[in-house]
$ cat input-v8.tsv   # TSV, C-alpha atoms and all ligand atoms
chain	number	residue	atom	x	y	z
T	709	MET	CA	1.98	10.61	17.88
T	710	SER	CA	3.38	13.99	16.79
T	711	GLY	CA	4.54	13.87	13.19
T	712	ILE	CA	3.06	10.41	12.60
T	713	LYS	CA	0.28	10.21	10.00
T	714	THR	CA	-1.57	6.91	9.97
T	715	LEU	CA	-3.16	5.38	6.87
T	716	GLY	CA	-6.58	6.12	8.31
T	717	GLN	CA	-5.77	9.78	8.93
T	718	PHE	CA	-4.24	10.11	5.46
T	719	ILE	CA	-7.26	8.51	3.74
T	720	ILE	CA	-9.69	10.85	5.51
T	721	GLU	CA	-7.46	13.84	4.74
T	722	LYS	CA	-7.40	12.92	1.04
T	723	GLN	CA	-11.09	12.07	0.92
T	724	ALA	CA	-11.80	15.55	-0.35
T	725	ASP	CA	-9.93	14.50	-3.54
T	726	PHE	CA	-12.71	12.03	-4.40
T	727	SER	CA	-15.28	14.39	-5.84
T	728	TYR	CA	-17.97	11.72	-5.91
T	729	ALA	CA	-17.19	9.66	-2.83
T	730	LYS	CA	-18.98	10.26	0.42
T	731	GLY	CA	-16.53	8.17	2.41
T	732	GLU	CA	-17.23	4.78	0.80
T	733	LEU	CA	-13.85	4.52	-0.93
T	734	SER	CA	-12.13	5.70	2.24
T	735	ARG	CA	-13.86	2.97	4.24
T	736	LEU	CA	-13.01	0.38	1.55
T	737	LEU	CA	-9.32	1.27	1.72
T	738	ARG	CA	-9.54	1.07	5.52
T	739	ASP	CA	-11.08	-2.43	5.26
T	740	ILE	CA	-8.20	-3.59	3.04
T	741	GLY	CA	-5.70	-2.15	5.52
T	742	ILE	CA	-7.32	-4.10	8.36
T	743	ALA	CA	-7.14	-7.40	6.46
T	744	ALA	CA	-3.52	-6.68	5.53
T	745	LYS	CA	-2.61	-6.36	9.22
T	746	ILE	CA	-4.28	-9.69	9.98
T	747	VAL	CA	-2.51	-11.43	7.08
T	748	ASN	CA	0.77	-9.82	8.12
T	749	ARG	CA	0.43	-11.37	11.59
T	750	GLU	CA	0.20	-14.88	10.09
T	751	VAL	CA	2.90	-14.31	7.46
T	752	ASN	CA	5.29	-13.14	10.17
T	753	LYS	CA	4.85	-16.27	12.30
T	754	ALA	CA	4.43	-18.69	9.39
T	755	GLY	CA	7.32	-20.81	10.57
T	756	LEU	CA	5.87	-21.20	14.05
T	757	VAL	CA	2.33	-22.33	13.35
T	758	ASP	CA	0.80	-24.92	11.10
T	759	ILE	CA	0.18	-22.50	8.27
T	760	LEU	CA	3.13	-23.25	6.04
T	761	GLY	CA	3.10	-25.63	3.15
T	762	ASP	CA	0.56	-26.78	0.62
T	763	ALA	CA	-3.15	-26.82	1.22
T	764	GLY	CA	-3.51	-29.84	-1.06
T	765	THR	CA	-5.85	-27.92	-3.40
T	766	MET	CA	-5.40	-26.27	-6.81
T	767	ASN	CA	-6.66	-22.87	-7.97
T	768	ILE	CA	-8.13	-22.26	-11.41
T	769	GLN	CA	-4.65	-21.45	-12.63
T	770	GLY	CA	-3.75	-25.07	-11.95
T	771	GLU	CA	-1.37	-23.93	-9.23
T	772	GLY	CA	-1.10	-25.70	-5.91
T	773	GLN	CA	-2.54	-23.45	-3.19
T	774	LYS	CA	-0.58	-22.76	-0.02
T	775	LYS	CA	-2.36	-22.67	3.32
T	776	LEU	CA	-1.49	-18.96	3.56
T	777	ASP	CA	-2.98	-18.33	0.10
T	778	ILE	CA	-6.32	-19.58	1.34
T	779	TYR	CA	-5.98	-17.85	4.72
T	780	ALA	CA	-5.24	-14.50	3.05
T	781	ASN	CA	-8.08	-14.96	0.57
T	782	THR	CA	-10.51	-15.64	3.43
T	783	GLN	CA	-9.32	-12.64	5.44
T	784	PHE	CA	-9.69	-10.14	2.59
T	785	ILE	CA	-13.13	-11.43	1.58
T	786	SER	CA	-14.22	-11.34	5.22
T	787	ALA	CA	-12.98	-7.77	5.74
T	788	LEU	CA	-14.64	-6.59	2.51
T	789	THR	CA	-17.88	-8.33	3.49
T	790	SER	CA	-18.08	-6.79	6.95
T	791	GLY	CA	-17.00	-3.39	5.59
T	792	GLY	CA	-20.05	-3.30	3.32
T	793	GLU	CA	-18.54	-1.10	0.58
T	794	CYS	CA	-17.78	-3.88	-1.91
T	795	CYS	CA	-20.34	-5.83	-3.98
T	796	ILE	CA	-18.02	-8.20	-5.86
T	797	VAL	CA	-14.54	-9.62	-5.20
T	798	ALA	CA	-12.57	-11.17	-8.07
T	799	THR	CA	-9.71	-13.11	-6.57
T	800	GLU	CA	-6.95	-15.30	-7.93
T	801	GLU	CA	-7.94	-18.01	-5.47
T	802	GLU	CA	-11.56	-18.45	-6.68
T	803	ASP	CA	-12.64	-19.83	-10.06
T	804	ASP	CA	-15.50	-17.34	-10.40
T	805	PHE	CA	-16.04	-13.90	-8.90
T	806	VAL	CA	-17.46	-13.78	-5.37
T	807	ARG	CA	-20.67	-11.82	-4.91
T	808	ILE	CA	-20.65	-10.17	-1.50
T	809	GLU	CA	-24.01	-10.91	0.09
T	810	SER	CA	-24.71	-8.92	3.20
T	811	PRO	CA	-27.45	-6.45	4.15
T	812	VAL	CA	-24.90	-3.64	4.36
T	813	SER	CA	-23.41	-4.31	0.92
T	814	LYS	CA	-26.68	-4.33	-1.04
T	815	ASN	CA	-25.97	-0.88	-2.49
T	816	ALA	CA	-22.19	-1.22	-2.42
T	817	LYS	CA	-20.60	0.61	-5.33
T	818	TYR	CA	-17.16	-1.01	-5.52
T	819	ILE	CA	-15.58	-4.02	-7.17
T	820	VAL	CA	-12.28	-5.34	-5.78
T	821	CYS	CA	-9.91	-7.50	-7.85
T	822	ILE	CA	-7.24	-9.05	-5.67
T	823	ASP	CA	-4.29	-11.41	-5.56
T	824	PRO	CA	-4.43	-12.12	-1.82
T	825	LEU	CA	-0.92	-13.49	-1.54
T	826	ASP	CA	1.30	-13.15	-4.61
T	827	GLY	CA	4.56	-15.06	-4.70
T	828	SER	CA	3.30	-17.59	-2.20
T	829	SER	CA	5.83	-20.17	-3.38
T	830	ASN	CA	8.34	-18.00	-1.48
T	831	ILE	CA	6.54	-18.27	1.87
T	832	ASP	CA	8.20	-21.52	2.95
T	833	VAL	CA	11.67	-20.08	2.23
T	834	ASN	CA	11.05	-16.75	4.00
T	835	VAL	CA	11.22	-14.50	0.93
T	836	ALA	CA	9.01	-11.40	0.69
T	837	VAL	CA	5.46	-11.95	-0.58
T	838	GLY	CA	2.67	-9.50	-1.33
T	839	THR	CA	-1.00	-8.68	-1.77
T	840	ILE	CA	-2.12	-6.79	-4.88
T	841	PHE	CA	-5.51	-5.07	-5.19
T	842	SER	CA	-7.45	-3.08	-7.78
T	843	ILE	CA	-10.67	-1.13	-7.15
T	844	PHE	CA	-13.37	-0.19	-9.66
T	845	ARG	CA	-16.76	1.46	-9.29
T	846	ARG	CA	-19.51	-0.78	-10.62
T	847	LYS	CA	-20.76	0.43	-14.02
T	848	SER	CA	-24.28	-0.98	-13.65
T	849	ILE	CA	-26.57	1.33	-11.70
T	850	GLU	CA	-29.33	-1.06	-10.69
T	851	GLY	CA	-29.85	-4.72	-9.91
T	852	THR	CA	-27.00	-6.95	-8.90
T	853	ALA	CA	-23.51	-6.35	-10.26
T	854	THR	CA	-22.37	-8.76	-12.95
T	855	LEU	CA	-19.18	-9.93	-14.67
T	856	ALA	CA	-19.42	-6.86	-16.92
T	857	ASP	CA	-18.82	-4.72	-13.81
T	858	VAL	CA	-15.59	-6.67	-13.21
T	859	LEU	CA	-14.20	-6.79	-16.76
T	860	GLN	CA	-13.24	-3.12	-16.94
T	861	LYS	CA	-10.11	-1.66	-18.54
T	862	GLY	CA	-7.30	-0.64	-16.19
T	863	THR	CA	-7.93	3.02	-17.02
T	864	GLU	CA	-11.24	2.71	-15.11
T	865	GLN	CA	-9.57	1.86	-11.79
T	866	VAL	CA	-10.40	4.30	-8.97
T	867	ALA	CA	-7.64	2.95	-6.74
T	868	ALA	CA	-4.93	0.28	-6.68
T	869	GLY	CA	-2.32	-0.84	-4.21
T	870	TYR	CA	-0.08	-3.55	-2.86
T	871	VAL	CA	1.11	-4.77	0.49
T	872	ILE	CA	4.65	-6.12	0.73
T	873	TYR	CA	5.33	-8.48	3.65
T	874	GLY	CA	9.11	-8.12	3.73
T	875	SER	CA	11.79	-6.90	6.15
T	876	SER	CA	9.04	-4.46	7.06
T	877	THR	CA	5.41	-4.55	5.98
T	878	MET	CA	4.34	-1.72	3.70
T	879	LEU	CA	1.10	-0.71	2.03
T	880	VAL	CA	1.54	1.35	-1.15
T	881	TYR	CA	-1.50	2.73	-2.99
T	882	THR	CA	-2.82	5.30	-5.43
T	883	THR	CA	-6.23	6.83	-6.11
T	884	GLY	CA	-4.96	8.51	-9.27
T	885	LYS	CA	-3.35	11.45	-7.48
T	886	GLY	CA	0.15	10.11	-6.88
T	887	VAL	CA	1.52	7.16	-4.92
T	888	ASN	CA	2.03	7.01	-1.15
T	889	GLY	CA	3.69	4.32	0.97
T	890	PHE	CA	2.87	3.38	4.57
T	891	THR	CA	5.01	1.23	6.84
T	892	LEU	CA	3.37	-0.89	9.52
T	893	ASP	CA	4.50	0.11	13.02
T	894	PRO	CA	3.86	-3.06	15.06
T	895	SER	CA	4.19	-1.11	18.32
T	896	ILE	CA	0.96	0.77	17.56
T	897	GLY	CA	-0.54	-1.63	14.98
T	898	GLU	CA	-0.90	1.14	12.40
T	899	PHE	CA	0.34	1.74	8.85
T	900	CYS	CA	2.19	5.09	9.07
T	901	LEU	CA	3.09	7.38	6.16
T	902	SER	CA	6.76	6.68	5.42
T	903	HIS	CA	7.09	7.23	1.65
T	904	PRO	CA	5.01	10.28	0.62
T	905	ASP	CA	4.57	11.00	-3.10
T	906	MET	CA	6.67	8.08	-4.42
T	907	LYS	CA	8.30	8.59	-7.81
T	908	ILE	CA	10.15	5.95	-9.85
T	909	PRO	CA	13.47	7.13	-11.35
T	910	GLN	CA	13.07	7.78	-15.08
T	911	ASP	CA	16.02	5.46	-15.77
T	912	GLY	CA	17.66	2.65	-13.84
T	913	CYS	CA	20.26	-0.13	-13.79
T	914	ILE	CA	18.23	-3.12	-12.56
T	915	TYR	CA	16.47	-5.64	-14.77
T	916	SER	CA	14.18	-8.30	-13.32
T	917	ILE	CA	13.31	-11.33	-15.46
T	918	ASN	CA	13.49	-15.12	-15.10
T	919	GLU	CA	16.39	-15.76	-17.47
T	920	GLY	CA	15.85	-19.49	-17.07
T	921	ASN	CA	13.17	-19.04	-19.76
T	922	TYR	CA	15.65	-17.34	-22.13
T	923	VAL	CA	15.40	-19.81	-25.01
T	924	HIS	CA	11.63	-19.34	-25.17
T	925	PHE	CA	11.64	-15.54	-24.95
T	926	PRO	CA	10.58	-13.38	-27.92
T	927	GLU	CA	13.62	-12.14	-29.90
T	928	GLY	CA	12.98	-8.58	-28.69
T	929	VAL	CA	13.35	-9.70	-25.07
T	930	LYS	CA	16.52	-11.64	-25.87
T	931	LYS	CA	17.90	-8.48	-27.52
T	932	TYR	CA	17.01	-6.41	-24.44
T	933	ILE	CA	18.76	-8.86	-22.09
T	934	LYS	CA	21.90	-8.78	-24.27
T	935	TYR	CA	21.65	-4.95	-24.34
T	936	ALA	CA	21.49	-4.94	-20.51
T	937	GLN	CA	24.64	-7.09	-20.32
T	938	VAL	CA	26.84	-5.00	-22.65
T	939	HIS	CA	29.68	-3.11	-20.96
T	940	ASP	CA	29.09	0.59	-21.60
T	941	ALA	CA	30.01	2.87	-18.72
T	942	ALA	CA	28.31	5.88	-20.31
T	943	SER	CA	24.91	4.19	-20.00
T	944	ASN	CA	25.69	2.48	-16.66
T	945	ARG	CA	25.75	-0.97	-18.27
T	946	PRO	CA	25.98	-3.85	-17.62
T	947	TYR	CA	22.83	-3.56	-15.53
T	948	THR	CA	22.32	-5.59	-12.37
T	949	SER	CA	20.03	-8.62	-12.58
T	950	ARG	CA	17.68	-8.86	-9.59
T	951	TYR	CA	14.77	-11.35	-9.68
T	952	ILE	CA	13.36	-12.99	-6.56
T	953	GLY	CA	10.22	-14.60	-7.98
T	954	SER	CA	7.88	-12.26	-6.13
T	955	MET	CA	6.42	-9.59	-8.43
T	956	VAL	CA	5.48	-7.22	-5.59
T	957	ALA	CA	8.99	-7.35	-4.11
T	958	ASP	CA	10.73	-6.96	-7.47
T	959	ILE	CA	8.52	-4.06	-8.58
T	960	HIS	CA	8.67	-2.36	-5.15
T	961	ARG	CA	12.49	-2.40	-5.26
T	962	ASN	CA	12.49	-1.08	-8.84
T	963	LEU	CA	9.94	1.60	-7.90
T	964	ILE	CA	12.37	2.93	-5.30
T	965	LYS	CA	15.70	2.36	-7.07
T	966	GLY	CA	14.69	2.42	-10.74
T	967	GLY	CA	14.52	-0.67	-12.92
T	968	ILE	CA	12.40	-2.83	-15.22
T	969	TYR	CA	10.44	-6.01	-14.50
T	970	ILE	CA	9.57	-8.16	-17.49
T	971	TYR	CA	7.38	-11.27	-17.63
T	972	PRO	CA	6.98	-11.93	-21.39
T	973	THR	CA	5.41	-14.85	-23.18
T	974	THR	CA	7.23	-18.14	-22.56
T	975	ALA	CA	6.72	-21.73	-23.69
T	976	SER	CA	4.69	-22.53	-20.55
T	977	SER	CA	2.91	-19.15	-20.61
T	978	PRO	CA	2.16	-18.35	-24.28
T	979	ASN	CA	-0.09	-15.44	-23.19
T	980	GLY	CA	2.19	-14.34	-20.38
T	981	LYS	CA	1.90	-15.65	-16.81
T	982	LEU	CA	0.64	-12.67	-14.84
T	983	ARG	CA	-3.07	-11.90	-14.61
T	984	LEU	CA	-4.40	-8.68	-16.06
T	985	LEU	CA	-7.13	-7.83	-13.55
T	986	TYR	CA	-5.40	-8.33	-10.20
T	987	GLU	CA	-1.68	-8.20	-10.97
T	988	CYS	CA	-0.85	-6.25	-14.15
T	989	ASN	CA	-3.53	-3.53	-13.96
T	990	PRO	CA	-2.99	-2.47	-10.33
T	991	MET	CA	0.82	-2.53	-10.62
T	992	ALA	CA	0.60	-0.60	-13.91
T	993	PHE	CA	-1.68	2.05	-12.35
T	994	ILE	CA	0.72	2.50	-9.43
T	995	VAL	CA	3.89	2.64	-11.56
T	996	GLU	CA	2.33	5.08	-14.06
T	997	GLN	CA	1.16	7.29	-11.18
T	998	ALA	CA	4.77	7.23	-9.91
T	999	GLY	CA	6.00	8.42	-13.34
T	1000	GLY	CA	6.89	5.05	-14.85
T	1001	ARG	CA	5.52	3.02	-17.77
T	1002	ALA	CA	3.76	-0.33	-18.19
T	1003	SER	CA	2.93	-2.22	-21.38
T	1004	ASP	CA	2.69	-5.73	-22.76
T	1005	GLY	CA	5.66	-4.88	-24.96
T	1006	PHE	CA	3.43	-3.15	-27.49
T	1007	ASN	CA	0.28	-1.78	-25.84
T	1008	ARG	CA	-0.31	0.15	-22.61
T	1009	ILE	CA	-1.43	-2.34	-19.95
T	1010	LEU	CA	-4.23	-0.06	-18.74
T	1011	GLU	CA	-5.79	0.03	-22.23
T	1012	ILE	CA	-6.03	-3.75	-22.63
T	1013	GLU	CA	-9.68	-4.81	-22.90
T	1014	PRO	CA	-10.32	-7.72	-20.47
T	1015	ASN	CA	-12.39	-10.60	-21.84
T	1016	GLU	CA	-12.17	-13.03	-18.97
T	1017	LEU	CA	-11.64	-13.01	-15.22
T	1018	HIS	CA	-8.22	-14.70	-15.08
T	1019	GLN	CA	-6.91	-13.30	-18.36
T	1020	ARG	CA	-3.13	-13.26	-18.58
T	1021	ALA	CA	-0.84	-10.63	-20.13
T	1022	SER	CA	2.84	-10.07	-20.81
T	1023	ILE	CA	4.19	-7.18	-18.77
T	1024	PHE	CA	7.09	-4.76	-19.17
T	1025	ILE	CA	6.91	-2.35	-16.21
T	1026	GLY	CA	9.18	0.16	-14.52
T	1027	SER	CA	11.38	3.17	-15.33
T	1028	GLU	CA	10.08	4.90	-18.43
T	1029	LYS	CA	13.37	4.97	-20.38
T	1030	MET	CA	14.03	1.27	-19.73
T	1031	VAL	CA	10.51	0.17	-20.73
T	1032	ARG	CA	10.66	2.30	-23.90
T	1033	MET	CA	14.00	0.70	-24.85
T	1034	ALA	CA	12.55	-2.79	-24.41
T	1035	GLU	CA	9.45	-1.79	-26.44
T	1036	GLU	CA	11.68	-0.54	-29.27
T	1037	MET	CA	13.38	-3.95	-29.40
T	1038	MET	CA	10.00	-5.71	-29.37
T	1039	ALA	CA	8.79	-3.45	-32.21
T	1040	ALA	CA	11.98	-4.07	-34.23
T	1041	GLU	CA	11.39	-7.82	-33.91
T	1042	TYR	CA	7.80	-7.32	-35.07
T	1043	VAL	CA	8.93	-5.28	-38.10
T	1044	GLU	CA	11.57	-7.89	-38.95
T	1045	LYS	CA	8.90	-10.60	-38.82
T	1046	VAL	CA	6.56	-8.60	-41.09
T	1047	VAL	CA	9.37	-7.89	-43.58
T	1048	THR	CA	10.37	-11.58	-43.52
T	1049	VAL	CA	6.79	-12.66	-44.21
T	1050	GLN	CA	6.43	-10.08	-47.02
T	1051	SER	CA	9.71	-11.10	-48.64
T	1052	ALA	CA	8.92	-14.85	-48.32
T	1101	LIG	P1	8.42	-17.66	-12.37
T	1101	LIG	C1	4.57	-15.54	-8.42
T	1101	LIG	O1	4.02	-16.83	-8.72
T	1101	LIG	C2	4.41	-14.69	-9.67
T	1101	LIG	O2	3.06	-14.57	-9.97
T	1101	LIG	C3	5.09	-13.34	-9.49
T	1101	LIG	O3	4.96	-12.85	-8.21
T	1101	LIG	C4	6.53	-13.65	-9.85
T	1101	LIG	O4	7.25	-12.51	-10.32
T	1101	LIG	C5	6.38	-14.70	-10.95
T	1101	LIG	O5	5.11	-15.32	-10.75
T	1101	LIG	C6	7.46	-15.77	-10.85
T	1101	LIG	O6	7.23	-16.66	-11.92
T	1101	LIG	O7	7.86	-18.39	-13.58
T	1101	LIG	O8	9.61	-16.80	-12.72
T	1101	LIG	O9	8.69	-18.55	-11.18
$ encode --input "input-v8.tsv" --output "structure tokens"
Amino acid sequence: MSGIKTLGQFIIEKQADFSYAKGELSRLLRDIGIAAKIVNREVNKAGLVDILGDAGTMNIQGEGQKKLDIYANTQFISALTSGGECCIVATEEEDDFVRIESPVSKNAKYIVCIDPLDGSSNIDVNVAVGTIFSIFRRKSIEGTATLADVLQKGTEQVAAGYVIYGSSTMLVYTTGKGVNGFTLDPSIGEFCLSHPDMKIPQDGCIYSINEGNYVHFPEGVKKYIKYAQVHDAASNRPYTSRYIGSMVADIHRNLIKGGIYIYPTTASSPNGKLRLLYECNPMAFIVEQAGGRASDGFNRILEIEPNELHQRASIFIGSEKMVRMAEEMMAAEYVEKVVTVQSA
């Protein structure tokens, strides 16, 4: 084991960074890691057992749930329940938040918002999928935690992370002191530190967006796409378009290579498609901690005030220079609109 640092060892080593925690957050992160290994086992053999395909149910988003969606949701809630450090789980797969009732979690301090299996439409075609999680401390100090403890701004997160079930399985997380990546070594069943202190390149040449929605995009997004496609060797354009329909996989690639992922408003998603609490906030916290930028095109994702559990947001996230360029084009569109209205 010389030279190998497992997730558990790393968490304990860094525990001293949490001035207030007496091990609870460390144990919570351990619980999430355990559930991720169990989900990984099923994702990896999805084609061999009866766990592919639709579950025949819909989630509150109106999306058909896959069997693995429900399996992953169950595993994470079970691990968080037995771990005893979490009092509420807000998950994409449940209409309302789940209050964790167990003797050990009566005084639990933490709230977990989670997308148990993001990109699940890719499972049946063997494309990388992911888990995304966000951790808050409850704000209320007595009685049972409530929705107010869940609807906190992204700046209040104490930790956030994702698991990518791809060519290898990785867990990437931050507690606000940088980003570290761990690769699952199946031979020992442990996540091992493989990507210490991850930093996203300040600029990049990859843009990730579903261009099939082009006609419905805001003008600023259309301008950015055209900007990305112009031939200009000095600024390494045209950029490369890479979009696989799995946010975790697209953002993970861009985190390593540099790039921008955009999911703006569209005709079918007038408020954006991705959910603030368990997709945009955690990914924004991670990317900012890695030196990148995340906004809704105008405002910092982490400053958006949540009003409801499954609130959606537009998201522009990735290399700082690329996100700033896209924001400038969004702002220009906004100014043009204001001028047009004033001159009308
Ligand atoms: P579209 C998966 O459903 C997801 O939430 C993200 O992982 C992904 O980037 C996006 O939606 C894909 O959405 O509309 O392009 O198929």
$ closest_residue --input "input-v8.tsv" --among "T:Ala1052, T:Leu984, T:Ile970, T:Val1043" --to "Ile822 in chain T" --atoms "all atoms listed in the file"
T:Leu984
$ closest_atom_pairs --input "input-v8.tsv" --of "chain T" --to "ligand LIG 1101 (chain T)" --cutoff "6 Å" --atoms "all atoms listed in the file" --output "tab-separated table"
residue	atom	partner	partner_atom	distance
T:Asp826	CA	T:LIG1101	O3	5.1
T:Gly827	CA	T:LIG1101	C1	3.8
T:Asn918	CA	T:LIG1101	O8	4.9
T:Gly953	CA	T:LIG1101	C6	4.2
T:Ser954	CA	T:LIG1101	O3	3.6
T:Met955	CA	T:LIG1101	O4	3.6
T:Leu982	CA	T:LIG1101	O2	5.8
$ write_last_selection --input "input-v8.tsv" --atoms "C-alpha atoms" --output "PDB file, in the coordinates of the input"
ATOM      1  CA  ASP T 826       1.300 -13.150  -4.610  1.00  0.00           C
ATOM      2  CA  GLY T 827       4.560 -15.060  -4.700  1.00  0.00           C
ATOM      3  CA  ASN T 918      13.490 -15.120 -15.100  1.00  0.00           C
ATOM      4  CA  GLY T 953      10.220 -14.600  -7.980  1.00  0.00           C
ATOM      5  CA  SER T 954       7.880 -12.260  -6.130  1.00  0.00           C
ATOM      6  CA  MET T 955       6.420  -9.590  -8.430  1.00  0.00           C
ATOM      7  CA  LEU T 982       0.640 -12.670 -14.840  1.00  0.00           C
TER       8      LEU T 982
END
$ closest_atom_pairs --input "input-v8.tsv" --of "range 796-912 of chain T" --to "range 995-1005 of chain T" --cutoff "10 Å" --atoms "only C-alpha atoms" --output "Markdown table"
| residue | atom | partner | partner_atom | distance |
| --- | --- | --- | --- | --- |
| T:Tyr881 | CA | T:Gln997 | CA | 9.7 |
| T:Thr882 | CA | T:Gln997 | CA | 7.3 |
| T:Thr883 | CA | T:Gln997 | CA | 9.0 |
| T:Gly884 | CA | T:Gln997 | CA | 6.5 |
| T:Lys885 | CA | T:Gln997 | CA | 7.2 |
| T:Gly886 | CA | T:Gln997 | CA | 5.2 |
| T:Val887 | CA | T:Ala998 | CA | 6.0 |
| T:Asn888 | CA | T:Ala998 | CA | 9.2 |
| T:Asp905 | CA | T:Ala998 | CA | 7.8 |
| T:Met906 | CA | T:Ala998 | CA | 5.9 |
| T:Lys907 | CA | T:Ala998 | CA | 4.3 |
| T:Ile908 | CA | T:Ala998 | CA | 5.5 |
| T:Pro909 | CA | T:Gly1000 | CA | 7.7 |
| T:Gln910 | CA | T:Gly1000 | CA | 6.8 |
| T:Asp911 | CA | T:Gly1000 | CA | 9.2 |
$ closest_residue --input "input-v8.tsv" --among "T:Ile831, T:Ile768, T:Leu776, T:Ile740" --to "Thr789 in chain T" --atoms "only C-alpha atoms"
T:Ile740
$ atom_distance --input "input-v8.tsv" --atom1 "CA of Leu733 in chain T" --atom2 "CA of Val812 in chain T"
14.7 Å
$ atom_distance --input "input-v8.tsv" --atom1 "CA of Ile712 in chain T" --atom2 "CA of Met878 in chain T"
15.1 Å
$ residues_around --input "input-v8.tsv" --residues "Glu800 in chain T" --least-positions-apart "2" --cutoff "8 Å" --atoms "all atoms listed in the file" --output "MDAnalysis selection string"
chainID T and resid 767:768 798 802:803 822:824 986 1018
$ write_last_selection --input "input-v8.tsv" --atoms "C-alpha atoms" --output "mmCIF file, in the coordinates of the input"
data_model
loop_
_atom_site.group_PDB
_atom_site.id
_atom_site.type_symbol
_atom_site.label_atom_id
_atom_site.label_comp_id
_atom_site.auth_asym_id
_atom_site.auth_seq_id
_atom_site.Cartn_x
_atom_site.Cartn_y
_atom_site.Cartn_z
ATOM 1 C CA ASN T 767 -6.660 -22.870 -7.970
ATOM 2 C CA ILE T 768 -8.130 -22.260 -11.410
ATOM 3 C CA ALA T 798 -12.570 -11.170 -8.070
ATOM 4 C CA GLU T 802 -11.560 -18.450 -6.680
ATOM 5 C CA ASP T 803 -12.640 -19.830 -10.060
ATOM 6 C CA ILE T 822 -7.240 -9.050 -5.670
ATOM 7 C CA ASP T 823 -4.290 -11.410 -5.560
ATOM 8 C CA PRO T 824 -4.430 -12.120 -1.820
ATOM 9 C CA TYR T 986 -5.400 -8.330 -10.200
ATOM 10 C CA HIS T 1018 -8.220 -14.700 -15.080
#
$ closest_atom_pairs --input "input-v8.tsv" --of "range 965-996 of chain T" --to "range 930-940 of chain T" --cutoff "12 Å" --atoms "all atoms listed in the file" --output "JSON lines"
{"residue": "T:Gly967", "atom": "CA", "partner": "T:Ala936", "partner_atom": "CA", "distance": 11.2}
{"residue": "T:Ile968", "atom": "CA", "partner": "T:Ala936", "partner_atom": "CA", "distance": 10.7}
{"residue": "T:Tyr969", "atom": "CA", "partner": "T:Ile933", "partner_atom": "CA", "distance": 11.6}
{"residue": "T:Ile970", "atom": "CA", "partner": "T:Ile933", "partner_atom": "CA", "distance": 10.3}
{"residue": "T:Pro972", "atom": "CA", "partner": "T:Lys930", "partner_atom": "CA", "distance": 10.5}
{"residue": "T:Thr973", "atom": "CA", "partner": "T:Lys930", "partner_atom": "CA", "distance": 11.9}
{"residue": "T:Thr974", "atom": "CA", "partner": "T:Lys930", "partner_atom": "CA", "distance": 11.8}
$ residues_around --input "input-v8.tsv" --residues "Glu850 in chain T" --least-positions-apart "6" --cutoff "12 Å" --atoms "all atoms listed in the file" --output "PyMOL selection string"
chain T and resi 814-817+857
$ residues_around --input "input-v8.tsv" --residues "Ile819 in chain T" --least-positions-apart "5" --cutoff "10 Å" --atoms "only C-alpha atoms" --output "PyMOL selection string"
chain T and resi 793-798+807-808+842-847+853+857-858+865-866
$ atom_distance --input "input-v8.tsv" --atom1 "CA of Ala868 in chain T" --atom2 "CA of Asn989 in chain T"
8.3 Å
$ residues_around --input "input-v8.tsv" --residues "Gln1019 in chain T" --least-positions-apart "3" --cutoff "8 Å" --atoms "all atoms listed in the file" --output "list of chain:residue names"
T:Arg983, T:Leu984, T:Leu985, T:Pro1014, T:Asn1015, T:Glu1016
$ closest_residue --input "input-v8.tsv" --among "T:Thr852, T:Thr863, T:Thr877, T:Ser734" --to "Gly838 in chain T" --atoms "only C-alpha atoms"
T:Thr877
$ residues_around --input "input-v8.tsv" --residues "Ala743 in chain T" --least-positions-apart "3" --cutoff "6 Å" --atoms "only C-alpha atoms" --output "list in words"
Ile740, Ile746, Gln783, Phe784 and Ala787 of chain T
$ decode --input "input-v8.tsv" --residues "range 833-838 of chain T" --atoms "N, CA, C and O atoms" --output "tab-separated table (two decimals), in the first residue's frame"
chain	number	residue	atom	x	y	z
T	833	VAL	N	-27.03	2.65	-23.13
T	833	VAL	CA	-26.13	2.67	-24.30
T	833	VAL	C	-24.67	2.77	-23.85
T	833	VAL	O	-23.79	3.15	-24.62
T	834	ASN	N	-24.43	2.47	-22.56
T	834	ASN	CA	-23.08	2.31	-22.04
T	834	ASN	C	-22.22	3.58	-22.10
T	834	ASN	O	-21.03	3.52	-22.38
T	835	VAL	N	-22.87	4.72	-21.90
T	835	VAL	CA	-22.14	5.99	-21.85
T	835	VAL	C	-22.02	6.40	-20.39
T	835	VAL	O	-22.91	6.10	-19.58
T	836	ALA	N	-20.93	7.08	-20.02
T	836	ALA	CA	-20.65	7.44	-18.63
T	836	ALA	C	-21.83	8.17	-17.99
T	836	ALA	O	-22.47	9.01	-18.63
T	837	VAL	N	-22.12	7.79	-16.74
T	837	VAL	CA	-23.14	8.48	-15.95
T	837	VAL	C	-22.49	8.92	-14.64
T	837	VAL	O	-21.31	8.63	-14.39
T	838	GLY	N	-23.24	9.65	-13.81
T	838	GLY	CA	-22.62	10.17	-12.59
T	838	GLY	C	-23.58	10.38	-11.45
T	838	GLY	O	-24.80	10.35	-11.62
